[in-house]
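Here's model_38.cif, which has mmCIF, C-alpha atoms:
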```
data_final
loop_
_atom_site.group_PDB
_atom_site.id
_atom_site.type_symbol
_atom_site.label_atom_id
_atom_site.label_comp_id
_atom_site.auth_asym_id
_atom_site.auth_seq_id
_atom_site.Cartn_x
_atom_site.Cartn_y
_atom_site.Cartn_z
ATOM 1 C CA ASP A 7 87.631 94.946 104.338
ATOM 2 C CA VAL A 8 87.433 91.290 103.397
ATOM 3 C CA LYS A 9 87.849 89.019 106.352
ATOM 4 C CA VAL A 10 89.172 85.481 106.044
ATOM 5 C CA THR A 11 88.916 83.534 109.264
ATOM 6 C CA GLN A 12 90.772 80.341 110.036
ATOM 7 C CA SER A 13 89.277 78.524 112.964
ATOM 8 C CA SER A 14 92.481 77.596 114.787
ATOM 9 C CA ARG A 15 95.738 79.482 115.208
ATOM 10 C CA TYR A 16 97.646 76.499 116.597
ATOM 11 C CA LEU A 17 96.893 72.788 116.406
ATOM 12 C CA VAL A 18 98.742 69.726 117.654
ATOM 13 C CA LYS A 19 97.625 66.385 116.257
ATOM 14 C CA ARG A 20 98.865 62.840 116.410
ATOM 15 C CA THR A 21 100.147 60.835 113.463
ATOM 16 C CA GLY A 22 97.291 59.047 111.724
ATOM 17 C CA GLU A 23 94.567 61.399 112.926
ATOM 18 C CA LYS A 24 92.087 62.913 110.497
ATOM 19 C CA VAL A 25 92.467 66.686 110.678
ATOM 20 C CA PHE A 26 90.066 69.384 109.538
ATOM 21 C CA LEU A 27 91.215 72.965 108.918
ATOM 22 C CA GLU A 28 88.357 75.395 108.467
ATOM 23 C CA CYS A 29 88.321 78.668 106.561
ATOM 24 C CA VAL A 30 85.476 81.154 106.216
ATOM 25 C CA GLN A 31 85.347 84.368 104.159
ATOM 26 C CA ASP A 32 82.734 87.059 104.471
ATOM 27 C CA MET A 33 82.771 88.768 101.062
ATOM 28 C CA ASP A 34 81.078 86.355 98.685
ATOM 29 C CA HIS A 35 84.312 85.555 96.841
ATOM 30 C CA GLU A 36 84.170 82.778 94.274
ATOM 31 C CA ASN A 37 87.799 81.737 94.542
ATOM 32 C CA MET A 38 89.332 80.183 97.637
ATOM 33 C CA PHE A 39 92.737 78.612 98.139
ATOM 34 C CA TRP A 40 94.764 76.537 100.567
ATOM 35 C CA TYR A 41 98.543 76.969 100.782
ATOM 36 C CA ARG A 42 101.183 75.647 103.096
ATOM 37 C CA GLN A 43 104.273 77.670 103.954
ATOM 38 C CA ASP A 44 107.543 76.078 104.987
ATOM 39 C CA PRO A 45 110.964 77.664 105.610
ATOM 40 C CA GLY A 46 113.079 77.509 102.491
ATOM 41 C CA LEU A 47 110.175 76.257 100.367
ATOM 42 C CA GLY A 48 107.882 79.258 100.423
ATOM 43 C CA LEU A 49 104.162 79.133 99.770
ATOM 44 C CA ARG A 50 102.912 76.094 97.898
ATOM 45 C CA LEU A 51 99.394 75.652 96.557
ATOM 46 C CA ILE A 52 97.561 72.573 97.842
ATOM 47 C CA TYR A 53 94.019 72.952 96.477
ATOM 48 C CA PHE A 54 91.753 75.696 95.221
ATOM 49 C CA SER A 55 88.087 76.122 94.441
ATOM 50 C CA TYR A 56 86.302 78.546 92.135
ATOM 51 C CA ASP A 57 82.740 77.611 93.053
ATOM 52 C CA VAL A 58 80.667 75.596 95.480
ATOM 53 C CA LYS A 59 81.395 71.876 95.215
ATOM 54 C CA MET A 60 84.193 72.586 92.723
ATOM 55 C CA LYS A 61 87.806 71.823 93.548
ATOM 56 C CA GLU A 62 91.074 71.779 91.680
ATOM 57 C CA LYS A 63 94.400 70.265 92.663
ATOM 58 C CA GLY A 64 97.285 72.596 93.168
ATOM 59 C CA ASP A 65 100.966 71.731 93.136
ATOM 60 C CA ILE A 66 101.069 69.478 96.214
ATOM 61 C CA PRO A 67 97.644 67.824 96.744
ATOM 62 C CA GLU A 68 98.926 64.451 97.925
ATOM 63 C CA GLY A 69 97.693 63.551 101.407
ATOM 64 C CA TYR A 70 95.049 66.290 101.380
ATOM 65 C CA SER A 71 91.450 66.716 100.314
ATOM 66 C CA VAL A 72 89.058 69.649 100.437
ATOM 67 C CA SER A 73 85.394 70.383 100.838
ATOM 68 C CA ARG A 74 83.349 73.358 99.725
ATOM 69 C CA GLU A 75 79.703 72.850 100.539
ATOM 70 C CA LYS A 76 78.956 76.565 100.944
ATOM 71 C CA LYS A 77 80.455 79.503 99.099
ATOM 72 C CA GLU A 78 81.900 81.099 102.212
ATOM 73 C CA ARG A 79 83.538 77.981 103.665
ATOM 74 C CA PHE A 80 86.499 76.008 102.344
ATOM 75 C CA SER A 81 87.847 73.148 104.420
ATOM 76 C CA LEU A 82 91.179 71.370 104.138
ATOM 77 C CA ILE A 83 91.257 67.755 105.269
ATOM 78 C CA LEU A 84 94.323 65.738 106.157
ATOM 79 C CA GLU A 85 93.042 62.191 105.786
ATOM 80 C CA SER A 86 95.779 60.613 107.917
ATOM 81 C CA ALA A 87 98.142 63.193 109.360
ATOM 82 C CA SER A 88 101.855 62.588 109.044
ATOM 83 C CA THR A 89 104.840 64.396 110.534
ATOM 84 C CA ASN A 90 105.798 65.820 107.131
ATOM 85 C CA GLN A 91 102.520 67.722 107.156
ATOM 86 C CA THR A 92 103.731 69.840 110.062
ATOM 87 C CA SER A 93 103.526 73.320 108.578
ATOM 88 C CA MET A 94 101.836 76.713 108.508
ATOM 89 C CA TYR A 95 98.585 76.451 106.561
ATOM 90 C CA LEU A 96 97.194 79.575 104.948
ATOM 91 C CA CYS A 97 93.739 80.001 103.472
ATOM 92 C CA ALA A 98 93.006 82.806 101.006
ATOM 93 C CA SER A 99 90.067 84.129 99.052
ATOM 94 C CA SER A 100 90.026 86.291 95.960
ATOM 95 C CA THR A 101 87.909 88.163 93.472
ATOM 96 C CA GLY A 102 90.797 88.025 91.043
ATOM 97 C CA TYR A 103 92.702 91.111 92.147
ATOM 98 C CA GLY A 104 95.001 89.483 94.631
ATOM 99 C CA TYR A 105 94.345 87.366 97.651
ATOM 100 C CA THR A 106 93.264 88.134 101.156
ATOM 101 C CA PHE A 107 94.876 85.641 103.498
ATOM 102 C CA GLY A 108 93.623 84.314 106.794
ATOM 103 C CA SER A 109 95.866 84.531 109.833
ATOM 104 C CA GLY A 110 97.090 80.968 109.329
ATOM 105 C CA THR A 111 97.014 77.717 111.273
ATOM 106 C CA ARG A 112 100.285 76.357 112.572
ATOM 107 C CA LEU A 113 99.820 72.597 112.599
ATOM 108 C CA THR A 114 102.201 70.286 114.410
ATOM 109 C CA VAL A 115 101.868 66.540 113.855
ATOM 110 C CA VAL A 116 103.556 64.450 116.528
ATOM 111 C CA GLN B 7 106.869 73.815 86.366
ATOM 112 C CA LYS B 8 106.044 77.449 86.963
ATOM 113 C CA GLU B 9 108.673 79.233 88.997
ATOM 114 C CA VAL B 10 109.109 82.651 90.523
ATOM 115 C CA GLU B 11 112.634 83.485 91.610
ATOM 116 C CA GLN B 12 113.661 86.049 94.201
ATOM 117 C CA ASN B 13 116.919 86.779 95.954
ATOM 118 C CA SER B 14 116.363 85.648 99.546
ATOM 119 C CA GLY B 15 118.506 88.430 101.015
ATOM 120 C CA PRO B 16 118.737 89.827 103.538
ATOM 121 C CA LEU B 17 118.697 93.130 101.716
ATOM 122 C CA SER B 18 119.818 95.906 104.033
ATOM 123 C CA VAL B 19 118.830 99.500 103.185
ATOM 124 C CA PRO B 20 119.351 102.692 105.220
ATOM 125 C CA GLU B 21 116.273 104.497 106.477
ATOM 126 C CA GLY B 22 115.059 107.061 103.966
ATOM 127 C CA ALA B 23 116.699 105.357 100.988
ATOM 128 C CA ILE B 24 115.032 103.508 98.101
ATOM 129 C CA ALA B 25 114.661 99.744 98.505
ATOM 130 C CA SER B 26 114.605 97.789 95.249
ATOM 131 C CA LEU B 27 113.191 94.270 95.201
ATOM 132 C CA ASN B 28 113.261 92.088 92.129
ATOM 133 C CA CYS B 29 111.827 88.852 90.834
ATOM 134 C CA THR B 30 111.747 86.845 87.624
ATOM 135 C CA TYR B 31 109.128 84.367 86.493
ATOM 136 C CA SER B 32 109.307 81.391 84.175
ATOM 137 C CA ASP B 33 105.797 81.120 82.737
ATOM 138 C CA ARG B 34 105.364 83.458 79.761
ATOM 139 C CA GLY B 35 101.602 82.913 80.046
ATOM 140 C CA SER B 36 101.492 84.711 83.399
ATOM 141 C CA GLN B 37 99.278 87.758 83.192
ATOM 142 C CA SER B 38 98.987 89.068 86.730
ATOM 143 C CA PHE B 39 101.701 89.920 89.223
ATOM 144 C CA PHE B 40 101.480 90.679 92.901
ATOM 145 C CA TRP B 41 103.675 91.907 95.727
ATOM 146 C CA TYR B 42 102.914 90.816 99.274
ATOM 147 C CA ARG B 43 104.526 91.875 102.529
ATOM 148 C CA GLN B 44 104.854 89.364 105.346
ATOM 149 C CA TYR B 45 105.942 90.240 108.852
ATOM 150 C CA SER B 46 107.446 87.478 110.962
ATOM 151 C CA GLY B 47 104.706 85.214 112.336
ATOM 152 C CA LYS B 48 101.990 86.933 110.315
ATOM 153 C CA SER B 49 100.194 86.116 107.088
ATOM 154 C CA PRO B 50 101.017 87.864 103.796
ATOM 155 C CA GLU B 51 99.226 91.106 102.983
ATOM 156 C CA LEU B 52 98.791 92.486 99.488
ATOM 157 C CA ILE B 53 100.768 95.635 98.673
ATOM 158 C CA MET B 54 100.277 95.986 94.942
ATOM 159 C CA PHE B 55 99.292 94.187 91.782
ATOM 160 C CA ILE B 56 100.261 94.937 88.205
ATOM 161 C CA TYR B 57 99.010 93.536 84.932
ATOM 162 C CA SER B 58 100.475 95.811 82.238
ATOM 163 C CA ASN B 59 104.023 96.561 81.189
ATOM 164 C CA GLY B 60 105.449 99.674 82.770
ATOM 165 C CA ASP B 61 105.193 101.285 86.170
ATOM 166 C CA LYS B 62 102.367 101.483 88.674
ATOM 167 C CA GLU B 63 102.658 103.789 91.655
ATOM 168 C CA ASP B 64 100.798 103.731 94.964
ATOM 169 C CA GLY B 65 102.123 106.078 97.617
ATOM 170 C CA ARG B 66 105.716 105.151 98.450
ATOM 171 C CA PHE B 67 105.486 101.951 96.400
ATOM 172 C CA THR B 68 106.117 101.493 92.675
ATOM 173 C CA ALA B 69 105.689 98.177 90.896
ATOM 174 C CA GLN B 70 107.421 97.672 87.555
ATOM 175 C CA LEU B 71 106.684 94.967 84.999
ATOM 176 C CA ASN B 72 108.672 93.970 81.930
ATOM 177 C CA LYS B 73 106.983 90.998 80.255
ATOM 178 C CA ALA B 74 109.628 90.689 77.538
ATOM 179 C CA SER B 75 112.282 90.124 80.211
ATOM 180 C CA GLN B 76 109.859 88.281 82.521
ATOM 181 C CA TYR B 77 110.867 90.633 85.281
ATOM 182 C CA VAL B 78 108.921 92.307 88.074
ATOM 183 C CA SER B 79 110.230 94.755 90.620
ATOM 184 C CA LEU B 80 109.043 96.715 93.626
ATOM 185 C CA LEU B 81 110.548 100.029 94.663
ATOM 186 C CA ILE B 82 109.953 101.402 98.147
ATOM 187 C CA ARG B 83 110.800 105.097 98.468
ATOM 188 C CA ASP B 84 111.682 106.799 101.749
ATOM 189 C CA SER B 85 112.128 103.407 103.434
ATOM 190 C CA GLN B 86 110.983 103.189 107.046
ATOM 191 C CA PRO B 87 111.940 100.678 109.757
ATOM 192 C CA SER B 88 108.324 99.456 109.605
ATOM 193 C CA ASP B 89 109.017 98.321 106.033
ATOM 194 C CA SER B 90 111.343 95.640 107.405
ATOM 195 C CA ALA B 91 109.660 92.385 106.415
ATOM 196 C CA THR B 92 109.779 89.586 103.857
ATOM 197 C CA TYR B 93 108.421 90.581 100.454
ATOM 198 C CA LEU B 94 106.814 87.899 98.311
ATOM 199 C CA CYS B 95 106.451 88.175 94.559
ATOM 200 C CA ALA B 96 103.674 86.136 92.928
ATOM 201 C CA ALA B 97 102.559 85.436 89.364
ATOM 202 C CA GLY B 98 99.352 83.999 87.999
ATOM 203 C CA GLY B 99 96.929 83.783 85.135
ATOM 204 C CA GLY B 100 94.196 86.315 84.616
ATOM 205 C CA GLY B 101 93.551 87.679 88.082
ATOM 206 C CA GLY B 102 95.162 84.664 89.702
ATOM 207 C CA ALA B 103 91.846 82.812 89.846
ATOM 208 C CA ASP B 104 93.614 79.515 89.179
ATOM 209 C CA GLY B 105 96.174 80.003 91.894
ATOM 210 C CA LEU B 106 99.298 82.100 92.229
ATOM 211 C CA THR B 107 102.870 80.887 92.152
ATOM 212 C CA PHE B 108 104.886 82.581 94.861
ATOM 213 C CA GLY B 109 108.584 83.264 95.119
ATOM 214 C CA LYS B 110 110.296 82.347 98.357
ATOM 215 C CA GLY B 111 110.583 85.966 99.352
ATOM 216 C CA THR B 112 113.231 88.606 99.954
ATOM 217 C CA HIS B 113 113.992 89.574 103.541
ATOM 218 C CA LEU B 114 114.302 93.368 103.705
ATOM 219 C CA ILE B 115 115.926 95.135 106.639
ATOM 220 C CA ILE B 116 115.668 98.925 106.962
ATOM 221 C CA GLN B 117 118.471 100.220 109.134
ATOM 222 C CA PRO B 118 117.541 103.242 111.331
#
```

Kindly transcribe the structure held in the file into structure tokens.
Amino acid sequence: DVKVTQSSRYLVKRTGEKVFLECVQDMDHENMFWYRQDPGLGLRLIYFSYDVKMKEKGDIPEGYSVSREKKERFSLILESASTNQTSMYLCASSTGYGYTFGSGTRLTVV
Amino acid sequence: QKEVEQNSGPLSVPEGAIASLNCTYSDRGSQSFFWYRQYSGKSPELIMFIYSNGDKEDGRFTAQLNKASQYVSLLIRDSQPSDSATYLCAAGGGGGADGLTFGKGTHLIIQP
């Protein structure tokens, strides 16, 4: 089975901090994605990548950036964390037949 | 703006009955459709995907796609209490390589 690992299950950060969320997949997938999930809003796509050093904006990229230096690793960066970025962040990878999600990182910005 | 609409529920179904979950999508260019199950506090897990009009069966699950009506459904036969979860419908381009658009989910409750 494909495994997608997110480095932290829970994070608490202060407003203005730079935050790194790490995601690693072990099945050589080309496509990787970052979503956030909020009650009443569902899953919303932040950024995705279909190859090393390639990135594409999703529906809500503002306040975020990403890095993909190696195929297996896709990082989400909050340049200056704000309270409205408190959310569940989900990483996923795909061959094109549906995603495998990581276990998620619940980020609280105080 | 691509949208996927689902009734949020809760949808309550007796154990052993058929649960029917529905969604509609706005983008006629969508080619791939997915159903995910999400337990409270957990991440979504893929149940089924469907690309072609008609039915696709996998065990107790049947996905149905009608592209003319822009309608996708999931039937769960012989519903079990362990099927109680939120079910997310998603639509995307070919294989979803450019990102999937998710509905907000339907909360399903199977009553013992």

Discussion item. Using all atoms listed in the file and a distance of at most 12 Å, pull out the residues of chain B that contact chain A, as a PyMOL selection string.
Written reply: chain B and resi 7-14+37-57+92-112

Restricting the output to C-alpha atoms, write the selected residues as an mmCIF file, keeping the file's coordinate frame.
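Output saved as selection_17.cif:
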```cif
data_model
loop_
_atom_site.group_PDB
_atom_site.id
_atom_site.type_symbol
_atom_site.label_atom_id
_atom_site.label_comp_id
_atom_site.auth_asym_id
_atom_site.auth_seq_id
_atom_site.Cartn_x
_atom_site.Cartn_y
_atom_site.Cartn_z
ATOM 1 C CA GLN B 7 106.869 73.815 86.366
ATOM 2 C CA LYS B 8 106.044 77.449 86.963
ATOM 3 C CA GLU B 9 108.673 79.233 88.997
ATOM 4 C CA VAL B 10 109.109 82.651 90.523
ATOM 5 C CA GLU B 11 112.634 83.485 91.610
ATOM 6 C CA GLN B 12 113.661 86.049 94.201
ATOM 7 C CA ASN B 13 116.919 86.779 95.954
ATOM 8 C CA SER B 14 116.363 85.648 99.546
ATOM 9 C CA GLN B 37 99.278 87.758 83.192
ATOM 10 C CA SER B 38 98.987 89.068 86.730
ATOM 11 C CA PHE B 39 101.701 89.920 89.223
ATOM 12 C CA PHE B 40 101.480 90.679 92.901
ATOM 13 C CA TRP B 41 103.675 91.907 95.727
ATOM 14 C CA TYR B 42 102.914 90.816 99.274
ATOM 15 C CA ARG B 43 104.526 91.875 102.529
ATOM 16 C CA GLN B 44 104.854 89.364 105.346
ATOM 17 C CA TYR B 45 105.942 90.240 108.852
ATOM 18 C CA SER B 46 107.446 87.478 110.962
ATOM 19 C CA GLY B 47 104.706 85.214 112.336
ATOM 20 C CA LYS B 48 101.990 86.933 110.315
ATOM 21 C CA SER B 49 100.194 86.116 107.088
ATOM 22 C CA PRO B 50 101.017 87.864 103.796
ATOM 23 C CA GLU B 51 99.226 91.106 102.983
ATOM 24 C CA LEU B 52 98.791 92.486 99.488
ATOM 25 C CA ILE B 53 100.768 95.635 98.673
ATOM 26 C CA MET B 54 100.277 95.986 94.942
ATOM 27 C CA PHE B 55 99.292 94.187 91.782
ATOM 28 C CA ILE B 56 100.261 94.937 88.205
ATOM 29 C CA TYR B 57 99.010 93.536 84.932
ATOM 30 C CA THR B 92 109.779 89.586 103.857
ATOM 31 C CA TYR B 93 108.421 90.581 100.454
ATOM 32 C CA LEU B 94 106.814 87.899 98.311
ATOM 33 C CA CYS B 95 106.451 88.175 94.559
ATOM 34 C CA ALA B 96 103.674 86.136 92.928
ATOM 35 C CA ALA B 97 102.559 85.436 89.364
ATOM 36 C CA GLY B 98 99.352 83.999 87.999
ATOM 37 C CA GLY B 99 96.929 83.783 85.135
ATOM 38 C CA GLY B 100 94.196 86.315 84.616
ATOM 39 C CA GLY B 101 93.551 87.679 88.082
ATOM 40 C CA GLY B 102 95.162 84.664 89.702
ATOM 41 C CA ALA B 103 91.846 82.812 89.846
ATOM 42 C CA ASP B 104 93.614 79.515 89.179
ATOM 43 C CA GLY B 105 96.174 80.003 91.894
ATOM 44 C CA LEU B 106 99.298 82.100 92.229
ATOM 45 C CA THR B 107 102.870 80.887 92.152
ATOM 46 C CA PHE B 108 104.886 82.581 94.861
ATOM 47 C CA GLY B 109 108.584 83.264 95.119
ATOM 48 C CA LYS B 110 110.296 82.347 98.357
ATOM 49 C CA GLY B 111 110.583 85.966 99.352
ATOM 50 C CA THR B 112 113.231 88.606 99.954
#
```

Worksheet item: Expanded to explicit residues, what is the PyMOL selection byres ((chain B and resi 118) around 12) for this file, as a list in words?
Response: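 So the PyMOL selection byres ((chain B and resi 118) around 12) ends up selecting Ser18, Val19, Pro20, Glu21, Gly22, Ala23, Asp84, Ser85, Gln86, Pro87, Ser88, Asp89, Ser90, Ile115, Ile116 and Gln117 of chain B.
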
Discussion item. Could you tell me how far CA of His113 (chain B) sits from CA of Phe67 (chain B), in Å to one decimal place?
Written reply: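 Here the two named atoms are 16.6 Å from each other.
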
Item to complete: Could you tell me which residues the PyMOL selection byres ((chain B and resi 59) around 6) grabs in this file, written as a ChimeraX atom specification?
Response: /B:58,60,71-72

Fill in: Atom-to-atom span, CA of Ser86 (chain A) and CA of Leu27 (chain A), Å
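These two atoms are separated by 13.2 Å.
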
Output check: residues returned by the PyMOL selection byres ((chain A and resi 58) around 6), as a compact mmCIF listing (two decimals) with C-alpha atoms, in the frame of the given file:
```txt
# COMPACT_ATOMS: atom_id res chain seq x y z
CA ASP A 57 82.74 77.61 93.05
CA LYS A 59 81.40 71.88 95.22
CA MET A 60 84.19 72.59 92.72
CA ARG A 74 83.35 73.36 99.72
CA GLU A 75 79.70 72.85 100.54
CA LYS A 76 78.96 76.56 100.94
CA LYS A 77 80.46 79.50 99.10
```

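A straight line drawn from CA of Leu81 (chain B) to CA of Ser26 (chain B) is 4.7 Å long.
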
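When all atoms listed in the file are used to compute distances to Pro67 (chain A), the closest of the residues A:Glu85, A:Phe26, A:Thr114, A:Arg79 turns out to be A:Glu85.
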
Item to complete: Would you kindly return, as a PyMOL selection string, each protein, DNA or RNA residue with an atom no farther than 7 Å from any atom of Thr11 (chain A), considering all atoms listed in the file and excluding same-chain residues fewer than 2 positions away?
Response: chain A and resi 9+13+29-31+108

For region 64-81 of chain A, what centre and edge lengths in Å (one decimal) does the axis-aligned box get once 8 Å is added on each side of all its listed atoms, as lines of an AutoDock Vina configuration file?
```
center_x = 90.0
center_y = 72.3
center_z = 98.8
size_x = 38.1
size_y = 33.5
size_z = 27.3
```

Practice prompt. Go through A:Val115, A:Ile66, A:Val72, A:Ala87 and flag the residue nearest Gly22 (chain A), using all atoms listed in the file for the distances.
Written response: A:Ala87

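Candidate residues A:Thr21, A:Ser81, A:Gln91, A:Gln12 were compared for distance to Glu68 (chain A), and the nearest is A:Gln91, using only C-alpha atoms.
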
Fill in: Pick from B:Leu114, B:Ala69, B:Leu80, B:Ala74, whichever lies nearest to Asn28 (chain B) using only C-alpha atoms
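The shortest atom-to-atom distance to Asn28 (chain B) comes from B:Leu80.
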
Worksheet item: From the list A:Lys19, A:Lys61, A:Phe80, A:Ser71, which residue is nearest Asp32 (chain A) when using only C-alpha atoms?
Response: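 Smallest separation from Asp32 (chain A) among the options: A:Phe80.
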